[in-house]
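Structure below is entry.txt: compact mmCIF, C-alpha atoms.
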```txt
# COMPACT_ATOMS: atom_id res chain seq x y z
CA MET O 87 22.86 0.43 -12.83
CA ASN O 88 22.01 -3.19 -11.97
CA THR O 89 23.21 -5.40 -14.86
CA LYS O 90 20.26 -7.80 -14.51
CA LYS O 91 17.81 -4.91 -14.97
CA ALA O 92 19.75 -3.03 -17.67
CA LEU O 93 20.46 -5.89 -20.10
CA PRO O 94 16.76 -6.76 -20.74
CA ILE O 95 16.05 -3.04 -21.33
CA LEU O 96 18.98 -2.80 -23.80
CA PHE O 97 17.70 -5.99 -25.48
CA ALA O 98 14.27 -4.37 -25.92
CA VAL O 99 15.80 -1.09 -27.17
CA MET O 100 17.97 -2.74 -29.83
CA PHE O 101 15.20 -5.17 -30.80
CA LEU O 102 12.76 -2.30 -31.43
CA VAL O 103 15.41 -0.28 -33.29
CA MET O 104 16.24 -3.24 -35.56
CA VAL O 105 12.56 -4.09 -36.11
CA GLY O 106 12.11 -0.53 -37.37
CA PHE O 107 15.19 -0.87 -39.55
CA GLY O 108 14.07 -4.28 -40.85
CA ILE O 109 10.52 -3.16 -41.67
CA ILE O 110 11.71 -1.05 -44.60
CA ILE O 111 14.10 -3.66 -46.12
CA PRO O 112 11.59 -5.51 -48.36
CA VAL O 113 9.78 -2.28 -49.29
CA LEU O 114 12.55 0.23 -50.06
CA PRO O 115 13.52 -1.18 -53.52
CA PHE O 116 9.91 -0.93 -54.80
CA TYR O 117 9.35 2.42 -53.09
CA ALA O 118 12.47 3.88 -54.75
CA GLU O 119 11.56 2.26 -58.07
CA ASP O 120 8.17 4.04 -57.99
CA MET O 121 10.13 7.32 -57.74
CA GLY O 122 12.13 6.43 -60.83
CA ALA O 123 15.26 4.92 -59.26
CA SER O 124 17.48 2.87 -61.56
CA PRO O 125 19.21 -0.28 -60.20
CA THR O 126 22.43 1.74 -59.78
CA GLN O 127 20.60 4.51 -57.89
CA LEU O 128 18.96 1.87 -55.67
CA GLY O 129 22.41 0.44 -54.91
CA LEU O 130 23.63 3.94 -53.99
CA LEU O 131 20.55 4.50 -51.81
CA MET O 132 21.40 1.33 -49.88
CA ALA O 133 25.12 2.15 -49.71
CA VAL O 134 24.83 5.80 -48.60
CA TYR O 135 23.41 4.71 -45.23
CA SER O 136 26.39 2.42 -44.56
CA VAL O 137 28.82 5.12 -45.72
CA MET O 138 27.40 7.55 -43.13
CA GLN O 139 27.70 4.83 -40.47
CA LEU O 140 31.31 4.24 -41.49
CA LEU O 141 32.14 7.95 -41.18
CA PHE O 142 30.23 8.90 -38.04
CA ALA O 143 30.08 5.85 -35.71
CA PRO O 144 33.55 6.57 -34.21
CA MET O 145 32.58 10.22 -33.60
CA TRP O 146 29.41 9.27 -31.69
CA GLY O 147 31.33 6.68 -29.69
CA ARG O 148 33.89 9.30 -28.60
CA ILE O 149 31.15 11.83 -27.71
CA SER O 150 29.37 9.17 -25.59
CA ASP O 151 32.65 8.72 -23.66
CA ARG O 152 32.54 12.42 -22.82
CA ILE O 153 28.87 13.25 -22.19
CA GLY O 154 27.32 9.86 -21.42
CA ARG O 155 25.58 6.99 -23.23
CA LYS O 156 21.93 7.91 -22.67
CA PRO O 157 21.83 11.29 -24.50
CA ILE O 158 23.67 9.82 -27.49
CA MET O 159 21.27 6.86 -27.63
CA VAL O 160 18.34 9.31 -27.61
CA ILE O 161 19.91 11.30 -30.48
CA GLY O 162 20.57 8.11 -32.47
CA ILE O 163 17.09 6.62 -32.13
CA THR O 164 15.35 10.00 -32.68
CA GLY O 165 17.41 10.43 -35.85
CA LEU O 166 16.36 6.98 -37.06
CA SER O 167 12.70 7.77 -36.35
CA LEU O 168 12.96 11.11 -38.17
CA SER O 169 14.53 9.45 -41.24
CA PHE O 170 11.65 6.92 -41.45
CA PHE O 171 9.02 9.69 -41.32
CA LEU O 172 10.94 11.69 -43.98
CA MET O 173 10.98 8.61 -46.21
CA ALA O 174 7.25 8.10 -45.64
CA ILE O 175 6.44 11.61 -46.91
CA ALA O 176 9.05 11.62 -49.72
CA THR O 177 7.70 12.31 -53.19
CA GLU O 178 10.98 12.46 -55.13
CA LEU O 179 14.14 10.39 -55.19
CA TRP O 180 16.41 13.13 -53.79
CA MET O 181 14.17 13.27 -50.72
CA LEU O 182 14.78 9.55 -50.12
CA PHE O 183 18.53 10.12 -50.41
CA ALA O 184 18.35 13.04 -47.95
CA ALA O 185 16.37 10.90 -45.48
CA ARG O 186 18.89 8.02 -45.76
CA ILE O 187 21.83 10.39 -45.23
CA ILE O 188 20.19 11.96 -42.13
CA GLY O 189 19.27 8.49 -40.83
CA GLY O 190 22.76 7.10 -41.37
CA LEU O 191 24.46 10.11 -39.80
CA LEU O 192 22.36 10.13 -36.61
CA SER O 193 21.54 6.43 -36.17
CA SER O 194 25.24 5.49 -36.43
CA ALA O 195 25.22 6.50 -32.73
CA ASN O 196 23.05 3.50 -31.76
CA MET O 197 25.18 0.38 -32.01
CA PRO O 198 28.49 1.72 -30.60
CA THR O 199 26.70 3.45 -27.71
CA VAL O 200 24.66 0.38 -26.76
CA MET O 201 27.78 -1.82 -26.90
CA ALA O 202 29.70 0.75 -24.82
CA TYR O 203 26.81 0.75 -22.30
CA VAL O 204 27.10 -3.04 -22.05
CA ALA O 205 30.87 -2.71 -21.51
CA ASP O 206 30.21 -0.11 -18.75
CA ILE O 207 27.82 -2.28 -16.76
CA THR O 208 29.35 -5.76 -17.14
CA THR O 209 32.36 -7.31 -15.46
CA GLU O 210 35.10 -8.59 -17.76
CA GLU O 211 33.95 -12.12 -17.02
CA ASP O 212 30.36 -11.41 -18.15
CA ARG O 213 31.24 -9.07 -21.04
CA GLY O 214 30.79 -11.75 -23.73
CA LYS O 215 27.33 -12.63 -22.39
CA GLY O 216 26.26 -8.96 -22.51
CA MET O 217 27.54 -8.48 -26.05
CA GLY O 218 25.85 -11.73 -27.10
CA ILE O 219 22.49 -10.52 -25.77
CA VAL O 220 22.79 -7.30 -27.82
CA GLY O 221 23.73 -9.39 -30.88
CA ALA O 222 20.70 -11.63 -30.33
CA SER O 223 18.33 -8.63 -30.14
CA VAL O 224 19.74 -7.28 -33.42
CA GLY O 225 19.28 -10.69 -35.09
CA LEU O 226 15.69 -11.09 -33.88
CA GLY O 227 14.83 -7.53 -34.95
CA PHE O 228 16.06 -8.31 -38.44
CA ILE O 229 13.82 -11.41 -38.54
CA PHE O 230 10.58 -9.77 -37.42
CA GLY O 231 11.13 -6.41 -39.14
CA PRO O 232 11.01 -7.57 -42.78
CA ALA O 233 8.00 -9.82 -42.06
CA ILE O 234 6.08 -6.86 -40.56
CA GLY O 235 7.19 -4.65 -43.47
CA GLY O 236 5.93 -7.19 -46.00
CA ILE O 237 2.51 -7.38 -44.31
CA PHE O 238 1.98 -3.59 -44.01
CA SER O 239 3.24 -2.90 -47.55
CA LYS O 240 0.02 -4.50 -48.83
CA THR O 241 -1.91 -1.45 -47.51
CA ASN O 242 0.40 0.96 -49.37
CA LEU O 243 4.17 1.28 -49.80
CA SER O 244 4.58 4.24 -47.44
CA MET O 245 2.81 2.49 -44.51
CA PRO O 246 5.87 0.44 -43.36
CA PHE O 247 7.88 3.68 -43.08
CA TYR O 248 5.27 5.20 -40.76
CA ILE O 249 5.21 1.97 -38.67
CA ALA O 250 9.04 2.00 -38.48
CA GLY O 251 9.01 5.66 -37.45
CA ILE O 252 6.46 5.05 -34.70
CA SER O 253 8.36 1.96 -33.45
CA SER O 254 11.58 4.00 -33.16
CA PHE O 255 9.77 6.94 -31.55
CA ILE O 256 8.35 4.65 -28.83
CA THR O 257 11.89 3.34 -28.23
CA VAL O 258 13.11 6.91 -27.51
CA PHE O 259 10.66 7.10 -24.58
CA LEU O 260 11.76 3.67 -23.36
CA VAL O 261 15.36 4.96 -23.17
CA LEU O 262 14.35 8.29 -21.59
CA LEU O 263 12.04 6.83 -18.93
CA VAL O 264 13.54 3.45 -18.02
CA LEU O 265 17.25 3.42 -18.81
CA LYS O 266 19.69 4.98 -16.35
CA GLU O 267 23.02 6.53 -17.37
CA SER O 268 25.86 4.02 -17.14
CA LEU O 269 28.79 6.41 -17.33
CA PRO O 270 28.89 8.88 -14.35
CA GLN O 271 30.89 6.58 -12.13
CA THR O 272 33.39 5.76 -14.91
CA ARG O 273 33.66 9.10 -16.76
CA GLU O 274 36.73 10.34 -14.88
CA HIS O 275 38.40 6.99 -15.41
CA VAL O 276 37.68 7.19 -19.16
CA GLN O 277 39.08 10.72 -19.39
CA ALA O 278 42.23 9.70 -17.51
CA GLU O 279 42.80 6.69 -19.72
CA LYS O 280 41.94 8.37 -23.00
CA ARG O 281 44.64 8.11 -25.64
CA SER O 282 44.99 9.61 -29.09
CA PHE O 283 43.27 7.82 -31.99
CA ARG O 284 46.62 6.97 -33.63
CA GLU O 285 48.00 5.47 -30.43
CA ALA O 286 44.85 3.37 -30.01
CA PHE O 287 45.24 1.99 -33.51
CA VAL O 288 48.88 0.94 -33.17
CA GLY O 289 49.79 -2.54 -32.00
CA SER O 290 47.92 -5.80 -31.61
CA ILE O 291 44.47 -4.27 -30.92
CA SER O 292 44.19 -2.95 -34.50
CA ILE O 293 44.28 -6.58 -35.75
CA LEU O 294 40.85 -7.22 -34.15
CA TYR O 295 39.27 -4.39 -36.15
CA PHE O 296 40.53 -5.91 -39.41
CA LEU O 297 39.38 -9.36 -38.28
CA GLN O 298 35.84 -7.95 -37.91
CA LEU O 299 36.14 -6.28 -41.35
CA PHE O 300 36.82 -9.64 -43.04
CA VAL O 301 33.94 -11.29 -41.15
CA SER O 302 31.51 -8.52 -42.22
CA LEU O 303 32.83 -8.65 -45.77
CA SER O 304 32.12 -12.38 -46.07
CA LEU O 305 28.59 -12.02 -44.62
CA ALA O 306 27.66 -9.05 -46.86
CA GLY O 307 28.91 -10.92 -49.96
CA LEU O 308 26.71 -13.89 -49.09
CA GLU O 309 23.63 -11.75 -48.36
CA ALA O 310 23.96 -10.01 -51.72
CA THR O 311 24.24 -13.18 -53.82
CA PHE O 312 22.53 -16.07 -52.04
CA ALA O 313 19.07 -15.37 -53.51
CA TYR O 314 20.46 -15.80 -57.05
CA PHE O 315 22.55 -18.82 -56.03
CA ALA O 316 19.60 -20.59 -54.34
CA ALA O 317 17.31 -19.86 -57.31
CA GLU O 318 19.90 -21.29 -59.72
CA ARG O 319 20.90 -24.36 -57.67
CA ALA O 320 17.65 -25.29 -55.92
CA GLY O 321 14.91 -23.28 -57.67
CA LEU O 322 14.01 -21.44 -54.48
CA GLY O 323 11.74 -18.37 -54.56
CA THR O 324 11.52 -15.27 -52.37
CA VAL O 325 9.10 -16.76 -49.81
CA GLN O 326 11.31 -19.83 -49.27
CA LEU O 327 14.38 -17.60 -48.99
CA GLY O 328 12.57 -15.51 -46.37
CA TYR O 329 12.00 -18.67 -44.30
CA ILE O 330 15.64 -19.76 -44.73
CA PHE O 331 17.01 -16.42 -43.52
CA MET O 332 14.49 -16.51 -40.66
CA ILE O 333 15.71 -19.97 -39.55
CA MET O 334 19.33 -18.79 -39.81
CA GLY O 335 18.56 -15.61 -37.84
CA LEU O 336 16.70 -17.46 -35.08
CA ALA O 337 19.48 -20.03 -34.67
CA GLY O 338 22.08 -17.22 -34.59
CA ALA O 339 20.08 -15.24 -32.03
CA ILE O 340 19.63 -18.28 -29.74
CA VAL O 341 23.37 -19.06 -29.89
CA GLN O 342 24.39 -15.42 -29.33
CA GLY O 343 21.91 -14.90 -26.50
CA GLY O 344 22.61 -18.18 -24.70
CA LEU O 345 25.84 -19.85 -25.73
CA VAL O 346 28.32 -17.00 -26.31
CA GLY O 347 28.26 -15.89 -22.67
CA ARG O 348 28.86 -19.42 -21.36
CA LEU O 349 31.65 -20.14 -23.83
CA THR O 350 33.50 -16.84 -23.28
CA LYS O 351 33.21 -17.27 -19.51
CA ARG O 352 34.64 -20.78 -19.63
CA PHE O 353 37.16 -20.64 -22.52
CA GLY O 354 37.65 -16.92 -23.24
CA GLU O 355 36.77 -14.69 -26.23
CA GLY O 356 39.70 -15.97 -28.30
CA PHE O 357 38.32 -19.51 -28.30
CA VAL O 358 34.89 -18.27 -29.50
CA ILE O 359 36.44 -16.14 -32.28
CA GLN O 360 38.49 -19.10 -33.55
CA ILE O 361 35.58 -21.57 -33.40
CA GLY O 362 33.34 -19.00 -35.13
CA ALA O 363 35.82 -18.56 -37.99
CA VAL O 364 36.18 -22.35 -38.45
CA VAL O 365 32.39 -22.94 -38.41
CA SER O 366 31.90 -20.01 -40.87
CA ALA O 367 34.41 -21.57 -43.28
CA ILE O 368 32.67 -24.97 -43.01
CA GLY O 369 29.29 -23.26 -43.61
CA PHE O 370 30.59 -21.53 -46.75
CA TRP O 371 31.98 -24.83 -48.05
CA LEU O 372 28.66 -26.63 -47.41
CA ILE O 373 26.69 -23.85 -49.18
CA LEU O 374 28.43 -24.87 -52.43
CA PHE O 375 26.44 -28.16 -52.22
CA VAL O 376 22.97 -26.61 -51.73
CA ASP O 377 20.36 -28.47 -53.83
CA SER O 378 17.07 -28.08 -51.92
CA PHE O 379 15.22 -25.98 -49.33
CA THR O 380 16.37 -28.33 -46.55
CA THR O 381 20.07 -28.25 -47.43
CA ALA O 382 19.92 -24.47 -47.93
CA ALA O 383 18.34 -23.98 -44.49
CA ILE O 384 20.78 -26.32 -42.69
CA PHE O 385 23.98 -25.11 -44.39
CA LEU O 386 23.12 -21.41 -44.13
CA THR O 387 22.28 -21.88 -40.45
CA ILE O 388 25.68 -23.53 -39.80
CA PHE O 389 27.35 -20.53 -41.45
CA GLY O 390 25.10 -18.07 -39.56
CA ILE O 391 25.94 -19.56 -36.16
CA GLY O 392 29.69 -19.39 -36.88
CA ASN O 393 29.56 -15.86 -38.24
CA GLY O 394 27.17 -14.63 -35.55
CA VAL O 395 29.30 -15.54 -32.50
CA ILE O 396 32.38 -13.64 -33.71
CA ARG O 397 31.08 -10.05 -33.36
CA PRO O 398 30.08 -10.26 -29.65
CA ALA O 399 33.37 -11.99 -28.80
CA VAL O 400 35.43 -9.38 -30.68
CA SER O 401 33.42 -6.56 -29.01
CA ALA O 402 34.01 -8.05 -25.56
CA LEU O 403 37.74 -8.57 -26.17
CA LEU O 404 38.22 -5.06 -27.57
CA THR O 405 36.48 -3.32 -24.68
CA LYS O 406 38.62 -5.30 -22.24
CA THR O 407 41.94 -4.41 -23.88
CA SER O 408 41.45 -0.93 -25.40
CA THR O 409 42.59 2.19 -23.52
CA THR O 410 40.54 4.78 -25.44
CA GLY O 411 37.18 4.46 -23.67
CA HIS O 412 34.42 1.99 -24.49
CA GLY O 413 32.54 4.36 -26.81
CA SER O 414 35.57 5.13 -28.98
CA THR O 415 36.37 1.42 -29.21
CA THR O 416 32.87 0.24 -30.15
CA GLY O 417 32.46 3.20 -32.54
CA MET O 418 35.59 2.17 -34.41
CA LEU O 419 34.38 -1.45 -34.52
CA SER O 420 31.02 -0.33 -35.98
CA SER O 421 32.93 1.66 -38.58
CA PHE O 422 34.89 -1.41 -39.73
CA ASP O 423 31.65 -3.42 -39.74
CA SER O 424 30.07 -0.80 -42.04
CA LEU O 425 33.10 -0.84 -44.35
CA GLY O 426 32.60 -4.59 -44.81
CA ARG O 427 28.93 -4.03 -45.59
CA ILE O 428 29.81 -1.37 -48.20
CA ILE O 429 32.48 -3.40 -50.03
CA GLY O 430 30.85 -6.84 -49.59
CA PRO O 431 27.76 -6.63 -51.89
CA PRO O 432 29.49 -5.25 -55.04
CA LEU O 433 32.46 -7.59 -54.49
CA GLY O 434 30.12 -10.58 -54.01
CA GLY O 435 28.13 -9.62 -57.13
CA TRP O 436 31.31 -9.30 -59.20
CA LEU O 437 32.62 -12.70 -58.01
CA PHE O 438 29.19 -14.27 -58.68
CA SER O 439 29.27 -12.93 -62.26
CA ILE O 440 32.62 -14.70 -62.83
CA THR O 441 31.39 -18.04 -61.51
CA ILE O 442 28.37 -18.87 -59.35
CA GLY O 443 30.22 -20.44 -56.40
CA LEU O 444 33.04 -17.88 -56.17
CA PRO O 445 31.48 -15.63 -53.44
CA TYR O 446 31.38 -18.68 -51.12
CA ILE O 447 34.90 -19.86 -51.99
CA SER O 448 36.06 -16.29 -51.21
CA GLY O 449 34.02 -16.57 -47.98
CA ILE O 450 36.07 -19.62 -46.98
CA VAL O 451 39.26 -17.64 -47.71
CA LEU O 452 38.04 -14.61 -45.69
CA SER O 453 37.10 -16.87 -42.74
CA VAL O 454 40.57 -18.46 -42.85
CA ILE O 455 42.15 -14.98 -42.94
CA ALA O 456 40.07 -14.01 -39.87
CA PHE O 457 41.31 -17.16 -38.10
CA ILE O 458 44.96 -16.37 -38.99
CA LEU O 459 44.54 -12.73 -37.89
CA TYR O 460 43.49 -13.93 -34.45
CA GLN O 461 46.63 -16.12 -34.27
CA VAL O 462 48.73 -13.04 -35.14
CA TYR O 463 46.89 -11.00 -32.47
CA LYS O 464 47.49 -13.73 -29.86
CA ALA O 465 51.19 -14.03 -30.75
CA GLN O 466 51.70 -10.24 -30.55
CA THR O 467 49.81 -9.99 -27.24
CA ASN O 468 51.88 -12.81 -25.72
CA LYS O 469 55.09 -11.13 -26.91
CA VAL O 470 54.06 -7.83 -25.25
CA LYS O 471 53.23 -9.70 -22.01
CA GLN O 472 56.67 -11.36 -22.00
CA VAL O 473 58.40 -8.01 -22.55
CA THR O 474 56.47 -6.26 -19.76
CA THR O 475 57.07 -9.14 -17.30
```
If you took the structure in this file and wrote it as structure tokens, what would it be?
Amino acid sequence: MNTKKALPILFAVMFLVMVGFGIIIPVLPFYAEDMGASPTQLGLLMAVYSVMQLLFAPMWGRISDRIGRKPIMVIGITGLSLSFFLMAIATELWMLFAARIIGGLLSSANMPTVMAYVADITTEEDRGKGMGIVGASVGLGFIFGPAIGGIFSKTNLSMPFYIAGISSFITVFLVLLVLKESLPQTREHVQAEKRSFREAFVGSISILYFLQLFVSLSLAGLEATFAYFAAERAGLGTVQLGYIFMIMGLAGAIVQGGLVGRLTKRFGEGFVIQIGAVVSAIGFWLILFVDSFTTAAIFLTIFGIGNGVIRPAVSALLTKTSTTGHGSTTGMLSSFDSLGRIIGPPLGGWLFSITIGLPYISGIVLSVIAFILYQVYKAQTNKVKQVTT
């Protein structure tokens, strides 16, 4: 399929998927609370979705290598839509848990399959640009989704779930009617190059998965604690925080959609990963000095730009170097991303309870570790090149 035609369609697909996902974010805590959920149960309700993503994203990626991207995308988005409708009609807490489990299991197909589709249709030179565009659509969806959810929740708490379900359902038809399969011409090639999971995870390539884990871990820790930190240090409320995260998300989306492609084309993915890790560390350090809405918005945006450029660059580099098929590779990356999102919030909360700035000091450390991991990856790759030549 023509890359110029496919990328805007993929942008629209992931944007609509993430809008649907974002719509329920501000509403779910109150919705679950109305059904008698304790804070611990609410935490589990949030976590169970990520756990299912962790477990099943690699499976969906591998299946998409075998049967094609389009059918797996349809399954993933239909599953997401179904989970939203099930949540909308839920009357008891166990029903919410069941809906989240179904949603996590099926929708874990979305991100790895879309990234694999991008890898299928882009040249190695343009891979970073394609991954950046997908990253930008995810970021923008997360900005608009919660705002829409907040507005519709005023009608009643179940309304945002119906809106999210309809949004996802419309997206299924967009995929079915407009998107062409990306895999037929490459399927034989994927089968021929397919290696065992263990073989794929040995050597320098495995370092990139752990690099992404540390990046996700640092972001999830910040997301879980920044509201308390900003309230304590600058007296900021929920509305102001919403604006701050919106500014951060917009800046991240603009950089991912426009700058990542140019930088990876000119300097390579490795340069972008290293710059991203350095800027993330600087952002975390600056966050320790937040004392107003303005400083919070500027410092969080600096962090967001640094953190946001790493994922597309890692995705592009992995799909260039892996021998297990694009779907398997992106599925494994999504799995490590989910692991960071599972561990990050409780770890961030625990560090915050020790001392208020500790989640951000640990964020600096995690960003430095990510930077060092890339140096290790580069050294190992160069060593392999020297041996083979």
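Considering the residues O:Val113, O:Leu166, O:Leu403, O:Leu386 and counting only C-alpha atoms, Ile256 of chain O has its shortest atom-to-atom contact with O:Leu166.
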Under the rule that only C-alpha atoms are counted, which of O:Ile111, O:Ala316, O:Ala195, O:Ile293 is the nearest residue to Thr467 of chain O?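 Ranking O:Ile111, O:Ala316, O:Ala195, O:Ile293 by distance to Thr467 of chain O, first place goes to O:Ile293.
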Could you check which residues have any atom within 8 Å of (28.0, -18.8, -28.8), counting all atoms listed in the file with coordinates taken straight from the file, and then list them as a list of chain:residue names?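 With a cut-off of 8 Å, the residues come to O:Gly218, O:Val341, O:Gln342, O:Gly343, O:Gly344, O:Leu345, O:Val346, O:Gly347, O:Arg348, O:Leu349, O:Val358, O:Ile391, O:Gly394, O:Val395.
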Residue neighbourhood Gly214 of chain O, 12 Å, only C-alpha atoms, exclusion window fewer than 3 positions, as a PDB file with C-alpha atoms, keeping the file's coordinate frame:
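Dumped to part_4.pdb:
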```pdb
ATOM      1  CA  MET O 201      27.780  -1.820 -26.900  1.00  0.00           C
ATOM      2  CA  VAL O 204      27.100  -3.040 -22.050  1.00  0.00           C
ATOM      3  CA  ALA O 205      30.870  -2.710 -21.510  1.00  0.00           C
ATOM      4  CA  THR O 208      29.350  -5.760 -17.140  1.00  0.00           C
ATOM      5  CA  THR O 209      32.360  -7.310 -15.460  1.00  0.00           C
ATOM      6  CA  GLU O 210      35.100  -8.590 -17.760  1.00  0.00           C
ATOM      7  CA  GLU O 211      33.950 -12.120 -17.020  1.00  0.00           C
ATOM      8  CA  MET O 217      27.540  -8.480 -26.050  1.00  0.00           C
ATOM      9  CA  GLY O 218      25.850 -11.730 -27.100  1.00  0.00           C
ATOM     10  CA  ILE O 219      22.490 -10.520 -25.770  1.00  0.00           C
ATOM     11  CA  VAL O 220      22.790  -7.300 -27.820  1.00  0.00           C
ATOM     12  CA  GLY O 221      23.730  -9.390 -30.880  1.00  0.00           C
ATOM     13  CA  GLN O 342      24.390 -15.420 -29.330  1.00  0.00           C
ATOM     14  CA  GLY O 343      21.910 -14.900 -26.500  1.00  0.00           C
ATOM     15  CA  GLY O 344      22.610 -18.180 -24.700  1.00  0.00           C
ATOM     16  CA  LEU O 345      25.840 -19.850 -25.730  1.00  0.00           C
ATOM     17  CA  VAL O 346      28.320 -17.000 -26.310  1.00  0.00           C
ATOM     18  CA  GLY O 347      28.260 -15.890 -22.670  1.00  0.00           C
ATOM     19  CA  ARG O 348      28.860 -19.420 -21.360  1.00  0.00           C
ATOM     20  CA  LEU O 349      31.650 -20.140 -23.830  1.00  0.00           C
ATOM     21  CA  THR O 350      33.500 -16.840 -23.280  1.00  0.00           C
ATOM     22  CA  LYS O 351      33.210 -17.270 -19.510  1.00  0.00           C
ATOM     23  CA  ARG O 352      34.640 -20.780 -19.630  1.00  0.00           C
ATOM     24  CA  PHE O 353      37.160 -20.640 -22.520  1.00  0.00           C
ATOM     25  CA  GLY O 354      37.650 -16.920 -23.240  1.00  0.00           C
ATOM     26  CA  GLU O 355      36.770 -14.690 -26.230  1.00  0.00           C
ATOM     27  CA  GLY O 356      39.700 -15.970 -28.300  1.00  0.00           C
ATOM     28  CA  PHE O 357      38.320 -19.510 -28.300  1.00  0.00           C
ATOM     29  CA  VAL O 358      34.890 -18.270 -29.500  1.00  0.00           C
ATOM     30  CA  ILE O 359      36.440 -16.140 -32.280  1.00  0.00           C
ATOM     31  CA  VAL O 395      29.300 -15.540 -32.500  1.00  0.00           C
ATOM     32  CA  ILE O 396      32.380 -13.640 -33.710  1.00  0.00           C
ATOM     33  CA  ARG O 397      31.080 -10.050 -33.360  1.00  0.00           C
ATOM     34  CA  PRO O 398      30.080 -10.260 -29.650  1.00  0.00           C
ATOM     35  CA  ALA O 399      33.370 -11.990 -28.800  1.00  0.00           C
ATOM     36  CA  VAL O 400      35.430  -9.380 -30.680  1.00  0.00           C
ATOM     37  CA  SER O 401      33.420  -6.560 -29.010  1.00  0.00           C
ATOM     38  CA  ALA O 402      34.010  -8.050 -25.560  1.00  0.00           C
ATOM     39  CA  LEU O 403      37.740  -8.570 -26.170  1.00  0.00           C
ATOM     40  CA  LEU O 404      38.220  -5.060 -27.570  1.00  0.00           C
ATOM     41  CA  THR O 405      36.480  -3.320 -24.680  1.00  0.00           C
ATOM     42  CA  LYS O 406      38.620  -5.300 -22.240  1.00  0.00           C
TER      43      LYS O 406
END
```
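The nearest approach to Gly392 of chain O among the residues O:Leu182, O:Leu433, O:Ala174, O:Ala363, with all atoms listed in the file taken into account, belongs to O:Ala363.
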Using only C-alpha atoms, which residues sit within 8 Å of segment 131-143 of chain O once same-chain residues fewer than 4 positions away are excluded, as a PyMOL selection string? chain O and resi 127+147+182-183+186-187+189-191+193-195+198+417-418+420-425+427-428
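Among the candidates O:Phe379, O:Trp180, O:Phe300, O:Phe312, the one nearest to Ile429 of chain O when counting only C-alpha atoms is O:Phe300.
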Between atom CA of Ala320 of chain O and atom CA of Phe375 of chain O, what is the distance, to one decimal in Å? 10.0 Å
Calculate how many Å separate atom CA of Ile163 of chain O from atom CA of Ser223 of chain O, rounding to one decimal.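 Separation of atom CA of Ile163 of chain O and atom CA of Ser223 of chain O: 15.4 Å.
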Which residues are close to Ile455 of chain O, i.e. within 8 Å by all atoms listed in the file, leaving aside same-chain residues fewer than 4 positions away? Reply as a PyMOL selection string. chain O and resi 297+300+451+459
